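Containing mmCIF, C-alpha atoms and all ligand atoms: input32.cif.
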data_model
#
loop_
_atom_site.label_atom_id
_atom_site.label_comp_id
_atom_site.auth_asym_id
_atom_site.auth_seq_id
_atom_site.Cartn_x
_atom_site.Cartn_y
_atom_site.Cartn_z
CA MET A 1 60.70 2.64 44.37
CA GLU A 2 62.43 -0.64 43.52
CA THR A 3 61.43 -3.40 45.96
CA GLU A 4 63.78 -6.32 46.47
CA ILE A 5 61.93 -9.55 47.14
CA ILE A 6 64.11 -12.01 49.02
CA LYS A 7 62.94 -15.57 49.63
CA ILE A 8 63.96 -16.89 53.01
CA ASP A 9 63.48 -20.31 54.59
CA ARG A 10 62.28 -20.25 58.19
CA LYS A 11 63.74 -23.72 58.82
CA ASN A 12 67.14 -22.91 57.38
CA ILE A 13 67.67 -19.17 57.76
CA ASP A 14 70.39 -17.61 55.64
CA ILE A 15 72.00 -15.16 58.06
CA GLU A 16 73.49 -13.12 55.21
CA LYS A 17 69.96 -12.25 54.04
CA ILE A 18 69.04 -11.18 57.57
CA LYS A 19 72.18 -9.06 57.86
CA TYR A 20 71.38 -7.41 54.57
CA ALA A 21 67.80 -6.59 55.68
CA ALA A 22 69.10 -5.33 59.04
CA GLY A 23 71.41 -2.99 57.13
CA VAL A 24 68.40 -1.59 55.28
CA ILE A 25 66.59 -1.00 58.61
CA ASN A 26 69.70 0.69 60.01
CA SER A 27 69.97 3.02 57.05
CA GLY A 28 66.38 4.20 57.53
CA GLY A 29 64.72 1.89 55.00
CA ILE A 30 61.55 -0.22 55.23
CA VAL A 31 61.64 -4.01 55.38
CA VAL A 32 58.57 -6.24 55.25
CA PHE A 33 59.24 -9.32 57.35
CA PRO A 34 57.32 -12.38 58.53
CA THR A 35 56.17 -12.73 62.13
CA GLU A 36 54.12 -15.58 63.58
CA THR A 37 50.98 -13.40 63.60
CA VAL A 38 50.94 -11.55 60.26
CA TYR A 39 53.66 -9.94 58.10
CA GLY A 40 55.07 -6.69 59.52
CA LEU A 41 56.01 -3.46 57.71
CA GLY A 42 59.15 -2.61 59.65
CA ALA A 43 61.40 0.38 60.26
CA ASN A 44 63.89 1.48 62.91
CA GLY A 45 61.56 2.41 65.77
CA LEU A 46 63.96 5.04 67.09
CA ASN A 47 64.27 6.83 63.75
CA GLU A 48 61.36 9.27 63.31
CA GLU A 49 61.96 9.79 59.62
CA ALA A 50 61.92 6.03 58.92
CA VAL A 51 58.76 5.57 60.99
CA ARG A 52 57.01 8.31 59.01
CA LYS A 53 57.75 6.34 55.84
CA VAL A 54 55.88 3.35 57.31
CA PHE A 55 52.73 5.44 57.79
CA ILE A 56 53.02 6.67 54.20
CA ALA A 57 53.72 3.23 52.67
CA LYS A 58 50.58 1.71 54.16
CA GLY A 59 48.40 4.81 54.07
CA ARG A 60 47.93 4.54 57.82
CA PRO A 61 46.26 7.42 59.71
CA GLN A 62 48.83 9.32 61.82
CA ASP A 63 46.77 8.92 64.98
CA ASN A 64 46.95 5.11 64.96
CA PRO A 65 50.06 4.12 66.96
CA LEU A 66 52.53 1.37 66.04
CA ILE A 67 53.82 -1.62 67.97
CA LEU A 68 57.55 -1.80 68.78
CA HIS A 69 59.06 -5.26 68.29
CA ILE A 70 62.01 -6.41 70.38
CA SER A 71 64.10 -9.59 70.32
CA HIS A 72 64.95 -9.89 74.01
CA LYS A 73 63.37 -8.82 77.31
CA ASP A 74 66.51 -6.85 78.17
CA GLU A 75 65.62 -4.36 75.43
CA LEU A 76 62.41 -3.42 77.26
CA SER A 77 63.74 -1.36 80.16
CA ARG A 78 65.06 1.57 78.10
CA LEU A 79 61.76 1.87 76.22
CA VAL A 80 59.41 2.04 79.22
CA LYS A 81 59.13 3.98 82.50
CA LYS A 82 58.34 0.96 84.64
CA ILE A 83 57.52 -2.72 84.36
CA PRO A 84 54.43 -3.56 86.45
CA PRO A 85 54.43 -6.90 88.38
CA ASP A 86 51.75 -8.38 86.09
CA ALA A 87 53.99 -7.71 83.11
CA HIS A 88 56.73 -10.00 84.42
CA LYS A 89 54.32 -12.90 84.77
CA LEU A 90 52.78 -12.29 81.35
CA MET A 91 56.16 -11.94 79.63
CA THR A 92 57.49 -15.11 81.23
CA GLU A 93 54.46 -17.02 80.00
CA PHE A 94 53.77 -15.49 76.58
CA TRP A 95 56.99 -13.91 75.23
CA PRO A 96 58.19 -14.56 72.67
CA GLY A 97 54.70 -14.80 71.18
CA PRO A 98 51.56 -13.03 69.98
CA LEU A 99 50.98 -10.80 73.02
CA THR A 100 51.48 -7.02 72.85
CA LEU A 101 51.70 -5.18 76.17
CA ILE A 102 51.03 -1.47 76.72
CA PHE A 103 53.54 0.33 78.99
CA GLU A 104 54.18 3.94 80.00
CA LYS A 105 56.74 5.07 77.43
CA SER A 106 60.24 6.37 78.15
CA GLY A 107 61.73 9.51 76.61
CA ILE A 108 63.58 7.67 73.83
CA VAL A 109 60.40 6.43 72.13
CA PRO A 110 59.49 8.96 69.42
CA LYS A 111 56.00 10.48 69.61
CA VAL A 112 55.33 9.45 66.03
CA ILE A 113 55.31 5.78 67.16
CA THR A 114 52.71 6.32 69.86
CA ALA A 115 50.66 8.91 67.95
CA GLY A 116 51.27 11.32 70.82
CA LEU A 117 50.13 8.92 73.60
CA ASP A 118 52.20 8.57 76.81
CA THR A 119 52.05 4.80 76.43
CA VAL A 120 53.81 2.45 74.03
CA ALA A 121 52.85 -0.98 72.68
CA ILE A 122 55.65 -3.60 72.78
CA ARG A 123 55.88 -7.20 71.62
CA MET A 124 58.54 -9.87 71.26
CA PRO A 125 57.72 -12.07 68.25
CA ARG A 126 58.57 -15.79 68.26
CA ASP A 127 59.07 -16.17 64.51
CA PRO A 128 62.80 -16.90 64.16
CA ILE A 129 63.19 -14.63 61.12
CA ALA A 130 61.59 -11.69 62.95
CA ASN A 131 63.67 -12.38 66.03
CA MET A 132 66.95 -12.54 64.10
CA LEU A 133 66.14 -9.43 62.09
CA ILE A 134 65.52 -7.39 65.26
CA ARG A 135 68.64 -8.80 66.89
CA GLU A 136 70.85 -8.03 63.91
CA SER A 137 69.36 -4.52 63.57
CA ARG A 138 70.11 -3.78 67.24
CA VAL A 139 67.10 -1.47 67.41
CA PRO A 140 63.43 -2.00 68.24
CA ILE A 141 61.50 -2.40 64.98
CA ALA A 142 58.25 -0.48 64.60
CA ALA A 143 55.91 -2.57 62.50
CA PRO A 144 52.21 -2.43 61.71
CA SER A 145 50.67 -5.23 59.68
CA ALA A 146 51.97 -5.39 56.11
CA ASN A 147 48.93 -4.37 54.12
CA ILE A 148 47.34 -1.23 52.74
CA SER A 149 45.44 0.39 55.61
CA GLY A 150 41.89 -0.96 55.88
CA LYS A 151 42.53 -4.22 53.98
CA PRO A 152 42.82 -7.65 55.61
CA SER A 153 46.32 -8.02 57.10
CA GLY A 154 48.93 -9.77 54.97
CA THR A 155 49.35 -13.36 56.11
CA ASP A 156 50.85 -14.85 52.97
CA ALA A 157 53.72 -13.52 50.88
CA ARG A 158 51.70 -13.29 47.67
CA HIS A 159 49.17 -10.82 49.09
CA VAL A 160 51.86 -8.84 50.88
CA ILE A 161 53.78 -8.43 47.61
CA GLU A 162 50.57 -7.41 45.84
CA ASP A 163 49.90 -4.63 48.38
CA LEU A 164 53.43 -3.33 48.97
CA LYS A 165 55.65 -3.96 45.94
CA GLY A 166 57.07 -0.59 44.89
CA LYS A 167 56.34 0.98 48.28
CA VAL A 168 59.06 -0.61 50.45
CA ASP A 169 62.78 -1.41 50.11
CA VAL A 170 62.78 -5.14 50.90
CA ILE A 171 60.19 -7.91 51.31
CA LEU A 172 61.38 -11.04 53.08
CA ASP A 173 59.20 -13.80 51.63
CA ALA A 174 58.80 -16.78 53.98
CA GLY A 175 55.44 -18.15 52.81
CA ASP A 176 52.47 -18.27 55.17
CA SER A 177 52.09 -16.91 58.72
CA GLU A 178 51.62 -19.39 61.56
CA VAL A 179 48.82 -17.71 63.58
CA GLY A 180 47.23 -15.64 60.81
CA LEU A 181 45.65 -13.01 63.12
CA GLU A 182 47.35 -10.08 64.82
CA SER A 183 48.64 -10.12 68.38
CA THR A 184 46.46 -9.72 71.45
CA VAL A 185 46.85 -6.16 72.84
CA LEU A 186 46.68 -5.85 76.63
CA ASP A 187 46.94 -2.61 78.61
CA ILE A 188 48.83 -3.34 81.82
CA THR A 189 49.21 0.28 82.91
CA VAL A 190 45.89 -0.22 84.74
CA GLN A 191 44.65 -2.81 87.21
CA PRO A 192 42.91 -5.10 86.28
CA PRO A 193 44.52 -5.16 82.82
CA VAL A 194 42.31 -4.18 79.88
CA LEU A 195 42.10 -6.19 76.68
CA LEU A 196 42.21 -3.73 73.76
CA ARG A 197 42.38 -6.23 70.91
CA PRO A 198 41.83 -10.00 71.02
CA GLY A 199 44.39 -12.01 69.07
CA GLY A 200 46.88 -14.85 69.06
CA VAL A 201 46.89 -15.29 72.86
CA THR A 202 43.40 -16.17 74.10
CA ILE A 203 41.55 -14.42 76.94
CA GLU A 204 41.31 -17.75 78.76
CA ALA A 205 45.12 -18.11 78.67
CA LEU A 206 45.65 -14.51 79.85
CA GLU A 207 43.25 -14.98 82.76
CA ARG A 208 45.05 -18.10 83.89
CA VAL A 209 48.17 -15.98 84.35
CA ALA A 210 46.93 -12.48 85.23
CA GLY A 211 43.58 -13.17 86.88
CA ARG A 212 40.60 -11.03 85.91
CA ILE A 213 40.82 -9.02 82.71
CA ILE A 214 38.48 -6.29 81.55
CA ILE A 215 37.35 -6.38 77.95
CA ASP A 216 37.45 -2.88 76.51
CA LYS A 217 34.08 -1.48 75.41
CA ALA A 218 35.50 -0.44 72.06
CA MET A 219 35.72 -4.10 71.11
CA GLY A 220 32.00 -3.94 70.50
CA LYS A 221 30.51 -1.04 68.64
CA LEU A 222 31.45 2.47 69.72
CA SER A 223 28.90 5.22 69.52
CA SER A 224 30.18 8.21 67.55
CA ASN A 225 31.04 10.38 70.57
CA GLU A 226 33.09 7.73 72.39
CA ILE A 227 36.90 7.84 72.21
CA PRO A 228 38.56 4.41 72.09
CA ARG A 229 41.55 3.67 74.37
CA SER A 230 43.22 1.95 71.48
CA PRO A 231 43.07 4.36 68.54
CA GLY A 232 43.14 1.56 65.99
CA MET A 233 39.73 0.35 67.16
CA LYS A 234 37.87 3.19 65.50
CA TYR A 235 39.00 2.50 61.96
CA ARG A 236 37.42 0.34 59.28
CA HIS A 237 39.65 -2.67 59.24
CA TYR A 238 40.29 -6.04 57.67
CA SER A 239 37.87 -5.21 54.87
CA PRO A 240 37.91 -6.86 51.48
CA ASP A 241 36.37 -4.94 48.54
CA ALA A 242 33.25 -7.12 48.63
CA ASP A 243 30.46 -6.55 51.14
CA VAL A 244 30.80 -9.00 54.02
CA TYR A 245 27.89 -10.46 56.02
CA VAL A 246 28.42 -12.75 59.00
CA ILE A 247 25.66 -15.27 59.60
CA ASN A 248 25.42 -16.21 63.25
CA GLY A 249 23.32 -18.79 65.11
CA GLU A 250 22.75 -22.54 65.32
CA LEU A 251 24.62 -24.22 62.50
CA ASP A 252 21.63 -25.69 60.64
CA LYS A 253 19.85 -22.32 60.74
CA VAL A 254 23.01 -20.60 59.49
CA VAL A 255 23.18 -23.00 56.55
CA SER A 256 19.47 -22.42 55.71
CA LYS A 257 19.89 -18.65 55.91
CA ILE A 258 22.95 -18.67 53.66
CA ASN A 259 21.10 -20.81 51.11
CA GLU A 260 18.14 -18.43 51.28
CA ILE A 261 20.36 -15.38 50.66
CA LEU A 262 22.17 -17.22 47.84
CA ALA A 263 18.84 -17.87 46.10
CA VAL A 264 17.77 -14.22 46.42
CA ASN A 265 21.15 -12.84 45.29
CA ASN A 266 21.28 -15.27 42.41
CA GLY A 267 17.92 -13.96 41.22
CA LYS A 268 19.20 -10.41 41.37
CA GLY A 269 22.51 -11.18 39.64
CA ILE A 270 24.57 -10.36 42.74
CA LYS A 271 27.74 -12.47 42.61
CA THR A 272 27.97 -14.08 46.05
CA GLY A 273 30.72 -16.12 47.68
CA VAL A 274 30.54 -18.26 50.80
CA LEU A 275 33.20 -18.81 53.46
CA ALA A 276 32.05 -22.10 54.94
CA THR A 277 33.71 -24.71 57.14
CA ASP A 278 34.73 -28.31 56.46
CA GLN A 279 31.53 -29.45 58.17
CA THR A 280 29.24 -27.43 55.88
CA MET A 281 31.02 -27.32 52.48
CA CYS A 282 28.66 -29.95 51.06
CA LYS A 283 25.54 -28.01 52.09
CA TYR A 284 25.81 -25.30 49.44
CA VAL A 285 25.69 -25.34 45.68
CA VAL A 286 27.65 -22.25 44.70
CA GLU A 287 30.70 -21.66 42.51
CA ASN A 288 32.59 -19.34 44.85
CA ILE A 289 32.93 -21.31 48.04
CA LEU A 290 35.99 -21.78 50.23
CA SER A 291 36.39 -23.58 53.53
CA MET A 292 37.96 -21.71 56.44
CA GLY A 293 38.79 -25.11 57.99
CA ASP A 294 37.50 -27.54 60.59
CA ARG A 295 35.07 -26.04 63.13
CA ASN A 296 36.77 -28.12 65.83
CA CYS A 297 40.10 -26.47 65.04
CA PRO A 298 39.59 -22.69 65.30
CA GLU A 299 43.37 -22.17 64.98
CA THR A 300 43.10 -23.30 61.36
CA ILE A 301 40.22 -20.91 60.75
CA ALA A 302 42.27 -18.06 62.24
CA ARG A 303 45.24 -18.94 60.02
CA ASN A 304 43.14 -18.98 56.83
CA LEU A 305 40.70 -16.11 57.37
CA PHE A 306 42.52 -13.07 55.94
CA ARG A 307 43.92 -14.99 52.98
CA LEU A 308 40.45 -16.29 52.08
CA LEU A 309 38.84 -12.84 52.30
CA ARG A 310 41.44 -11.67 49.79
CA GLU A 311 40.91 -14.72 47.58
CA MET A 312 37.21 -13.90 47.42
CA ASP A 313 38.13 -10.41 46.17
CA GLU A 314 40.30 -12.03 43.49
CA ARG A 315 37.17 -13.85 42.32
CA HIS A 316 35.42 -10.46 42.08
CA VAL A 317 32.38 -11.40 44.15
CA ASP A 318 30.04 -8.58 45.23
CA VAL A 319 29.09 -10.17 48.53
CA ILE A 320 30.80 -12.64 50.89
CA LEU A 321 28.63 -14.62 53.31
CA VAL A 322 30.68 -15.95 56.22
CA GLU A 323 29.57 -18.56 58.74
CA ALA A 324 30.13 -17.34 62.32
CA VAL A 325 32.31 -19.53 64.53
CA ASP A 326 32.19 -20.37 68.22
CA SER A 327 33.75 -17.45 70.12
CA LYS A 328 35.73 -19.60 72.56
CA GLY A 329 39.54 -19.48 72.54
CA ILE A 330 40.96 -17.91 69.40
CA GLY A 331 37.41 -18.00 67.98
CA PHE A 332 36.83 -14.76 69.94
CA ALA A 333 39.53 -13.01 67.89
CA VAL A 334 38.19 -14.56 64.67
CA MET A 335 34.71 -13.16 65.42
CA ASN A 336 36.20 -9.75 66.32
CA ARG A 337 37.91 -9.57 62.90
CA LEU A 338 34.77 -10.75 61.13
CA LYS A 339 32.68 -8.08 62.85
CA LYS A 340 35.13 -5.45 61.68
CA ALA A 341 35.51 -6.88 58.16
CA SER A 342 31.73 -6.80 57.81
CA GLY A 343 31.32 -3.33 59.32
CA GLN A 344 29.15 -5.03 61.99
CA LYS A 345 26.82 -6.59 59.41
CA ILE A 346 25.89 -9.58 61.55
CA VAL A 347 22.77 -11.53 60.62
CA ASN A 348 21.49 -13.36 63.69
CA VAL A 349 19.30 -16.37 62.92
P1 LIG B 401 48.69 -3.01 63.90
O1 LIG B 401 49.87 -2.14 63.75
O2 LIG B 401 47.83 -3.04 62.68
O3 LIG B 401 49.00 -4.37 64.42
O4 LIG B 401 47.81 -2.32 65.05
C1 LIG B 401 48.38 -2.04 66.30
C2 LIG B 401 47.28 -1.93 67.32
O5 LIG B 401 47.83 -1.60 68.60
C3 LIG B 401 46.27 -0.85 66.97
O6 LIG B 401 44.97 -1.31 67.29
C4 LIG B 401 46.70 0.29 67.89
O7 LIG B 401 45.64 1.17 68.17
C5 LIG B 401 47.17 -0.47 69.11
N1 LIG B 401 48.13 0.33 69.90
C6 LIG B 401 49.39 0.64 69.58
N2 LIG B 401 49.95 1.43 70.51
C7 LIG B 401 49.01 1.63 71.47
C8 LIG B 401 48.98 2.34 72.70
N3 LIG B 401 50.03 3.04 73.13
N4 LIG B 401 47.84 2.32 73.41
C9 LIG B 401 46.78 1.61 72.97
N5 LIG B 401 46.74 0.92 71.83
C10 LIG B 401 47.85 0.92 71.07
MG MG B 402 46.80 -3.72 60.96
#

This structure in structure tokens:
Amino acid sequence: METEIIKIDRKNIDIEKIKYAAGVINSGGIVVFPTETVYGLGANGLNEEAVRKVFIAKGRPQDNPLILHISHKDELSRLVKKIPPDAHKLMTEFWPGPLTLIFEKSGIVPKVITAGLDTVAIRMPRDPIANMLIRESRVPIAAPSANISGKPSGTDARHVIEDLKGKVDVILDAGDSEVGLESTVLDITVQPPVLLRPGGVTIEALERVAGRIIIDKAMGKLSSNEIPRSPGMKYRHYSPDADVYVINGELDKVVSKINEILAVNNGKGIKTGVLATDQTMCKYVVENILSMGDRNCPETIARNLFRLLREMDERHVDVILVEAVDSKGIGFAVMNRLKKASGQKIVNV
């Protein structure tokens, strides 16, 4: 398939380009578009055939449901059975933005979107390109992250193009994503609401608005006979080709442990990269080292993480050692992604 790559400037959006991409969505095509979280692989969410193409393009398992993206709260009512009181508060505070809410679905939402569940995940992105594209399409856009299933999500145009060129109709290239991690997924069909995936909106912020929130068990490790409430939780995710280890503990001990592993791996000829932070970059002597950012600014670390995991793969390292970060605020979502990227290979020191 021929993929058209269209550069688009978030600060000066060419509406003709948006109209063109909306036309592709309306004729059942697939458009990769930027959102503030990660790039999305979008299709008309009410067109079953188009949605099936999304699953195929990214190699996504059929039982992992998609999020529907809307451009205005008014579009919600026809997609859901009811809007619980908590939802109004949460939408007022966090929409448009990186919060996905789970509702009971209405009859017009195709089963293929929800992987057969009676609930549907809905979000209203704040990226102006995403918002305009949905508005011009006049349909909800179903969009998982724009990457081959299992890989780190696409947060910069270069990696998105690498994964999806030849598999989609259009890629709207707007450079880097603002948040860099996927949306927070919150199930509000139950009381108290249940957090199914941490993300761009922090737990602390959610609790300020909705009161107590339960953190779903599947966020940790599921035993093999447990069924997750959010099907996506059971899959290997965010994984680069290299083996990832997360080193967790007091910072000076983390640094010592990483240096110890580097020495051992060096002796064995295992090519090892380090994802460090601005505070620790000078503590290692190794060729393949990248900084995730300032430890005091976890938002930067979130924004850089997926891109850096992919850059390590481009350097063909066998192993990536990643410094754990403080799990406050968005750091909780960063640690969740690192646990998944490493397949739970956490070294506590
Ligand atoms: P992605 O498309 O990669 O951003 O992943 C979407 C996430 O939302 C996955 O973890 C899904 O399992 C989750 N999700 C989507 N729809 C539902 C739903 N109806 N109930 C629970 N989780 C959902
Ligand atoms: Mg994804």

TODO: Rounded to one decimal place, report the atom C9 of ligand LIG 401 (chain B)-atom CA of Ala57 of chain A distance in Å.
DONE: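 About the pair atom C9 of ligand LIG 401 (chain B) and atom CA of Ala57 of chain A: they are 21.5 Å apart.
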
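The environment of Ser342 of chain A within 8 Å, counting all atoms listed in the file and disregarding residues fewer than 5 places along the same chain, consists of Ser239, Asp243, Val244, Tyr245 and Val246 of chain A.
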
Please, which residues in segment 97-169 of chain A fall within 9 Å of segment 64-69 of chain A when counting all atoms listed in the file, and what is the closest atom pair and distance in Å to one decimal for each, ordered by chain then residue number, as CSV?
residue,atom,partner,partner_atom,distance
A:Thr100,CA,A:Ile67,CA,7.6
A:Val112,CA,A:Pro65,CA,7.6
A:Ile113,CA,A:Leu66,CA,5.3
A:Thr114,CA,A:Pro65,CA,4.5
A:Ala115,CA,A:Pro65,CA,4.9
A:Gly116,CA,A:Pro65,CA,8.3
A:Leu117,CA,A:Pro65,CA,8.2
A:Val120,CA,A:Ile67,CA,7.3
A:Ala121,CA,A:Ile67,CA,4.9
A:Ile122,CA,A:Leu68,CA,4.8
A:Arg123,CA,A:His69,CA,5.0
A:Met124,CA,A:His69,CA,5.5
A:Pro125,CA,A:His69,CA,6.9
A:Ala130,CA,A:His69,CA,8.7
A:Asn131,CA,A:His69,CA,8.8
A:Ile134,CA,A:His69,CA,7.4
A:Val139,CA,A:His69,CA,8.9
A:Pro140,CA,A:His69,CA,5.5
A:Ile141,CA,A:His69,CA,5.0
A:Ala142,CA,A:Leu68,CA,4.4
A:Ala143,CA,A:Ile67,CA,5.9
A:Pro144,CA,A:Leu66,CA,5.8

Task: Option closest in space to Asp163 of chain A, from A:Ser327, A:Thr3, A:Thr202, A:Asn12 [counting all atoms listed in the file] - done: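 The answer is A:Thr3, which sits nearest to Asp163 of chain A.
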
TODO: Dump the neighbourhood of ligand MG 402 (chain B) as an MDAnalysis selection string: all residues within 8 Å, distances computed on all atoms listed in the file.
DONE: chainID A and resid 144:147 149:150 152:153 182 237:238

Near segment 90-94 of chain A, within 12 Å and counting all atoms listed in the file, which residues show up once chain neighbours fewer than 4 positions away are dropped, as a PDB file with C-alpha atoms, in the frame of the given file?
ATOM      1  CA  HIS A  72      64.950  -9.890  74.010  1.00  0.00           C
ATOM      2  CA  LYS A  73      63.370  -8.820  77.310  1.00  0.00           C
ATOM      3  CA  ASP A  74      66.510  -6.850  78.170  1.00  0.00           C
ATOM      4  CA  LEU A  76      62.410  -3.420  77.260  1.00  0.00           C
ATOM      5  CA  ILE A  83      57.520  -2.720  84.360  1.00  0.00           C
ATOM      6  CA  PRO A  84      54.430  -3.560  86.450  1.00  0.00           C
ATOM      7  CA  PRO A  85      54.430  -6.900  88.380  1.00  0.00           C
ATOM      8  CA  ASP A  86      51.750  -8.380  86.090  1.00  0.00           C
ATOM      9  CA  PRO A  98      51.560 -13.030  69.980  1.00  0.00           C
ATOM     10  CA  LEU A  99      50.980 -10.800  73.020  1.00  0.00           C
ATOM     11  CA  THR A 100      51.480  -7.020  72.850  1.00  0.00           C
ATOM     12  CA  LEU A 101      51.700  -5.180  76.170  1.00  0.00           C
ATOM     13  CA  ILE A 102      51.030  -1.470  76.720  1.00  0.00           C
ATOM     14  CA  ILE A 122      55.650  -3.600  72.780  1.00  0.00           C
ATOM     15  CA  ARG A 123      55.880  -7.200  71.620  1.00  0.00           C
ATOM     16  CA  MET A 124      58.540  -9.870  71.260  1.00  0.00           C
ATOM     17  CA  PRO A 125      57.720 -12.070  68.250  1.00  0.00           C
ATOM     18  CA  ARG A 126      58.570 -15.790  68.260  1.00  0.00           C
ATOM     19  CA  SER A 183      48.640 -10.120  68.380  1.00  0.00           C
ATOM     20  CA  THR A 184      46.460  -9.720  71.450  1.00  0.00           C
ATOM     21  CA  LEU A 186      46.680  -5.850  76.630  1.00  0.00           C
ATOM     22  CA  ASP A 187      46.940  -2.610  78.610  1.00  0.00           C
ATOM     23  CA  ILE A 188      48.830  -3.340  81.820  1.00  0.00           C
ATOM     24  CA  PRO A 193      44.520  -5.160  82.820  1.00  0.00           C
ATOM     25  CA  GLY A 200      46.880 -14.850  69.060  1.00  0.00           C
ATOM     26  CA  VAL A 201      46.890 -15.290  72.860  1.00  0.00           C
ATOM     27  CA  THR A 202      43.400 -16.170  74.100  1.00  0.00           C
ATOM     28  CA  ALA A 205      45.120 -18.110  78.670  1.00  0.00           C
ATOM     29  CA  LEU A 206      45.650 -14.510  79.850  1.00  0.00           C
ATOM     30  CA  GLU A 207      43.250 -14.980  82.760  1.00  0.00           C
ATOM     31  CA  ARG A 208      45.050 -18.100  83.890  1.00  0.00           C
ATOM     32  CA  VAL A 209      48.170 -15.980  84.350  1.00  0.00           C
ATOM     33  CA  ALA A 210      46.930 -12.480  85.230  1.00  0.00           C
ATOM     34  CA  GLY A 211      43.580 -13.170  86.880  1.00  0.00           C
TER      35      GLY A 211
END
